[in-house]
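Input: a single structure, listed below in structure tokens.
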Amino acid sequence: MTGQIGDDKIHEVRERMDIIELISGYVSLKRSGTNHMGLCPFHSEKSPSFSVNAGRQFFHCFGCGVGGDAFSFLMKIEGLTFPDAVRRLAERTGIELEERRLSPEEERRQQEKDRLYRINEIAASYFHRTLMEAPAGEQGRQYLKGRGYGRKGAGEYQIGFAPDGWEGLTRHLESEGVNLADARVLGLIRPRKEGRGDYDLFRQRLIFPIFNLGGRVVAFGGRVLDDSKPKYINSPESPIYQKGKVLFGLYQARQSMRQAGEAILVEGYFDQLALNRSGVPNAVATCGTALTPEHAKLLKRYVQRVLLLFDQDAAGRKATFKAMETLQGEGLPTAVVDLAAGEDPDSFLQREGSELFLQRLGQARSAMELFIEVTLAEAGKSIEGKARAAEMIAGKLAMLPSELEQDLYLKLLAAQTGINLDLLQQQLAQARERERKAERKLTQRPPVRADEPPEYPFPVLPPDEKVTGVDESVAPPWGKAEGRLLSMLLLVPEAREAVKMLGVEKLFQNGELQEIASQLIKLLDGVVVGDEDTHLAELSESLQRQLMPLLQVDRGVFADTYEQQLQDYRRA
């Protein structure tokens, strides 16, 4: 079904769905007074802090702070978009949805994506069937067996095999009625020179399907079975695949990541598989690219810390520190797992076993601490070398979101170099100012009309460009007190519910602010705590720039006293 779902149907599904029944399918709940309590499925805990209120049809975890309604629970637990969560619950409650008709261009794009998904599913089935059943897949079966993988592991990840030959997949796609032009868009096949037909991209390779969060195949990675080059080839980017926004294994690992509160980031497909097989299921891998800011944003939706497990050579160290910098930009603490030179997770686990590997995980070191150690070691003992290293380290420290962490690392640097702490603090202040100037330059954009009404429902995934800073050319139409009230609406779901019942006109005198508050209440209805900035992307760009700084307020300022604060605003 395509199109947009009407507000009345969304409300009907929300009213019909019993949140206790829904969540009980994922969490063991026990009644406790007016609430039901259980262990939170989104972080690791031993004492129940996950509360579900049947009367309000709302859940909240007092441990990690997540909360919302039935839609937001299903979105977070299954990795669904909002429309897909509505459709899933509508089917469950027997409600027939009537969706707004898409524009011709929207319909064309949706149909194209549906065709491409179908083609990838056909290709994945072809590769997997070849590996599991066909004589041509015997090489692949023997290779997997030699690395300790049987049918179960291959089935869980739908691993396949592309046989030798130039046209096996091409002919199969033709027999399934596939338009080969679409298969070319996906990079599965390529045209021969002089118009002499097409040939398969993947040949004589083990095939790893890459899934999105909805469980659909968006791309493939292919590995040779010998030492020939290139070792890996990957699908090119397409309308359904952007490698900088997809992590291999996330579809399978997302629940374990939530429960553990941390993710292990590795470089290769087999590394991810090896960890999963050894009882470490919260691992993911990049798809042949460096870690991107989009990857970091994706990880932040699931975990509070990332362990980096890259190669131990110079290139691996460089990739480690680059990933550290990217993750720091999203406020994700980062640690490094050390293995011996030449080792990767797969080879280490095969030789040493999972028990010793788990010990190594427990000994993971702060990535920043390792960066300081390596940078100083490379600088040598000369005064000039130490000075350059201190400048480089101060630049990295300036990217840390916590000033407390910056101060502690700065004291560590002073102790290790003998440089006066006051001088290092000056260097850090200069680095911070450079960071602020660079951020302002990146986030300044021309003004955009603020009166364009948003559409509903809103997609969960962020757009290609999401405003993350403040455009100083667009002054917000509110004062300090009104800004604080809007921060409360942005950050506290219970405050939004209270204002919705009270009426925005009781708190805001300005008609424009009343409209903005009403939009926020509607826009963030059921949104998981921590995902507010993603949904703001549906507002006009100038309004986003005005609201984004309000998300930087510590939500703890409002969490326990929002009711009293609302009463104070009302009296004022």
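Letters A, B, ... mark the chains of the structure tokens in the order given; residue numbers begin at 1 per chain; ligand numbers begin at 1, in order shown.
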
Which residues, written as a list in words, have at least one atom at most 10 Å from Leu39 of chain A, with only C-alpha atoms counted and residues fewer than 3 positions away on the same chain left out?
Val27, Ser28, Leu29, Phe42, His43, Ser44, Glu45, Lys46, Ser47, Pro48, Ser49, Phe50, Ser51, Cys61, Gly63 and Gln259 of chain A

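Summary of the local environment: counting only C-alpha atoms, residues at most 9 Å from Phe202 of chain A, other than itself and those fewer than 2 positions away along its chain, are Phe161, Ala162, Pro163, Asp164, Trp166, Leu169, Leu188, Ile189, Asp200, Gln204, Arg205, Leu206, Ile207, Gly221, Gly222, Ile233 and Asn234 of chain A.
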
With only C-alpha atoms counted and 12 Å as the cut-off, give the residues of segment 483-525 of chain A in contact with segment 67-84 of chain A, each with its shortest interatomic distance in Å and the pair that gives it, as CSV.
residue,atom,partner,partner_atom,distance
A:Leu491,CA,A:Gly67,CA,11.3
A:Val492,CA,A:Gly67,CA,9.7
A:Pro493,CA,A:Gly68,CA,7.4
A:Glu494,CA,A:Gly68,CA,9.4
A:Arg496,CA,A:Gly68,CA,11.5
A:Glu497,CA,A:Gly68,CA,11.1
A:Leu523,CA,A:Phe82,CA,11.5
A:Leu524,CA,A:Gly68,CA,9.8
A:Asp525,CA,A:Gly68,CA,8.1

Written file, previous selection with N, CA and C atoms, as an mmCIF file, in the first residue's frame:
data_model
loop_
_atom_site.group_PDB
_atom_site.id
_atom_site.type_symbol
_atom_site.label_atom_id
_atom_site.label_comp_id
_atom_site.auth_asym_id
_atom_site.auth_seq_id
_atom_site.Cartn_x
_atom_site.Cartn_y
_atom_site.Cartn_z
ATOM 1 N N LEU A 491 11.604 18.202 24.773
ATOM 2 C CA LEU A 491 12.376 17.183 25.468
ATOM 3 C C LEU A 491 11.571 16.265 26.384
ATOM 4 N N VAL A 492 10.382 16.694 26.809
ATOM 5 C CA VAL A 492 9.647 15.920 27.828
ATOM 6 C C VAL A 492 8.277 15.500 27.274
ATOM 7 N N PRO A 493 8.090 14.221 26.933
ATOM 8 C CA PRO A 493 6.806 13.760 26.397
ATOM 9 C C PRO A 493 5.629 14.070 27.312
ATOM 10 N N GLU A 494 5.826 13.922 28.628
ATOM 11 C CA GLU A 494 4.738 14.182 29.553
ATOM 12 C C GLU A 494 4.335 15.652 29.543
ATOM 13 N N ARG A 496 4.462 17.576 26.913
ATOM 14 C CA ARG A 496 3.669 17.775 25.695
ATOM 15 C C ARG A 496 2.228 17.351 25.915
ATOM 16 N N GLU A 497 2.053 16.210 26.603
ATOM 17 C CA GLU A 497 0.693 15.749 26.891
ATOM 18 C C GLU A 497 -0.040 16.745 27.776
ATOM 19 N N LEU A 523 3.819 16.934 15.976
ATOM 20 C CA LEU A 523 4.970 16.329 15.315
ATOM 21 C C LEU A 523 5.652 15.270 16.180
ATOM 22 N N LEU A 524 5.754 15.550 17.498
ATOM 23 C CA LEU A 524 6.510 14.674 18.389
ATOM 24 C C LEU A 524 5.631 13.694 19.149
ATOM 25 N N ASP A 525 4.377 13.568 18.750
ATOM 26 C CA ASP A 525 3.476 12.635 19.407
ATOM 27 C C ASP A 525 4.004 11.212 19.272
#

Long-range neighbours of segment 377-391 of chain A as a list of chain:residue names, 12 Å cut-off, only C-alpha atoms, 6 positions minimum in chain
A:Ala314, A:Leu370, A:Phe371, A:Leu397, A:Ala398, A:Tyr409, A:Leu410, A:Lys411, A:Leu412, A:Leu413, A:Ala414, A:Ala415, A:Gln416, A:Thr417, A:Gly418, A:Ile419, A:Asn420, A:Leu421, A:Leu423, A:Leu424, A:Gln425, A:Gln426, A:Gln427, A:Leu428, A:Ala429, A:Gln430, A:Ala431, A:Arg432

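Closest approach to Leu550 of chain A from the set A:Leu180, A:Ile521, A:Met501, A:Leu486 is made by A:Leu486, with distances taken over only C-alpha atoms.
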
Leaving out Val178 of chain A and any residue of its chain fewer than 6 positions from it, which residues lie within 9 Å of it when counting only C-alpha atoms, given as a PyMOL selection string?
chain A and resi 115+119+172

Saved selection, atoms kept: all heavy atoms, as a compact mmCIF listing (two decimals), in the first residue's frame:
# COMPACT_ATOMS: atom_id res chain seq x y z
N ARG A 115 10.45 -2.01 -7.18
CA ARG A 115 11.04 -2.88 -8.22
C ARG A 115 12.46 -3.29 -7.83
O ARG A 115 12.84 -4.46 -7.97
CB ARG A 115 11.07 -2.17 -9.57
CG ARG A 115 9.74 -1.94 -10.24
CD ARG A 115 9.90 -1.65 -11.73
NE ARG A 115 10.91 -0.64 -12.01
CZ ARG A 115 10.68 0.67 -12.06
NH1 ARG A 115 9.46 1.13 -11.81
NH2 ARG A 115 11.65 1.51 -12.34
N ILE A 119 14.03 -7.05 -7.12
CA ILE A 119 15.14 -7.62 -7.88
C ILE A 119 16.23 -8.12 -6.93
O ILE A 119 16.79 -9.21 -7.12
CB ILE A 119 15.71 -6.58 -8.87
CG1 ILE A 119 14.66 -6.27 -9.94
CG2 ILE A 119 16.99 -7.08 -9.51
CD1 ILE A 119 15.02 -5.08 -10.80
N HIS A 172 18.92 -15.73 -15.06
CA HIS A 172 17.90 -15.98 -14.05
C HIS A 172 16.97 -14.77 -13.90
O HIS A 172 15.74 -14.94 -13.79
CB HIS A 172 18.57 -16.30 -12.71
CG HIS A 172 17.59 -16.56 -11.60
ND1 HIS A 172 16.82 -17.70 -11.54
CD2 HIS A 172 17.22 -15.81 -10.52
CE1 HIS A 172 16.04 -17.66 -10.48
NE2 HIS A 172 16.26 -16.51 -9.84
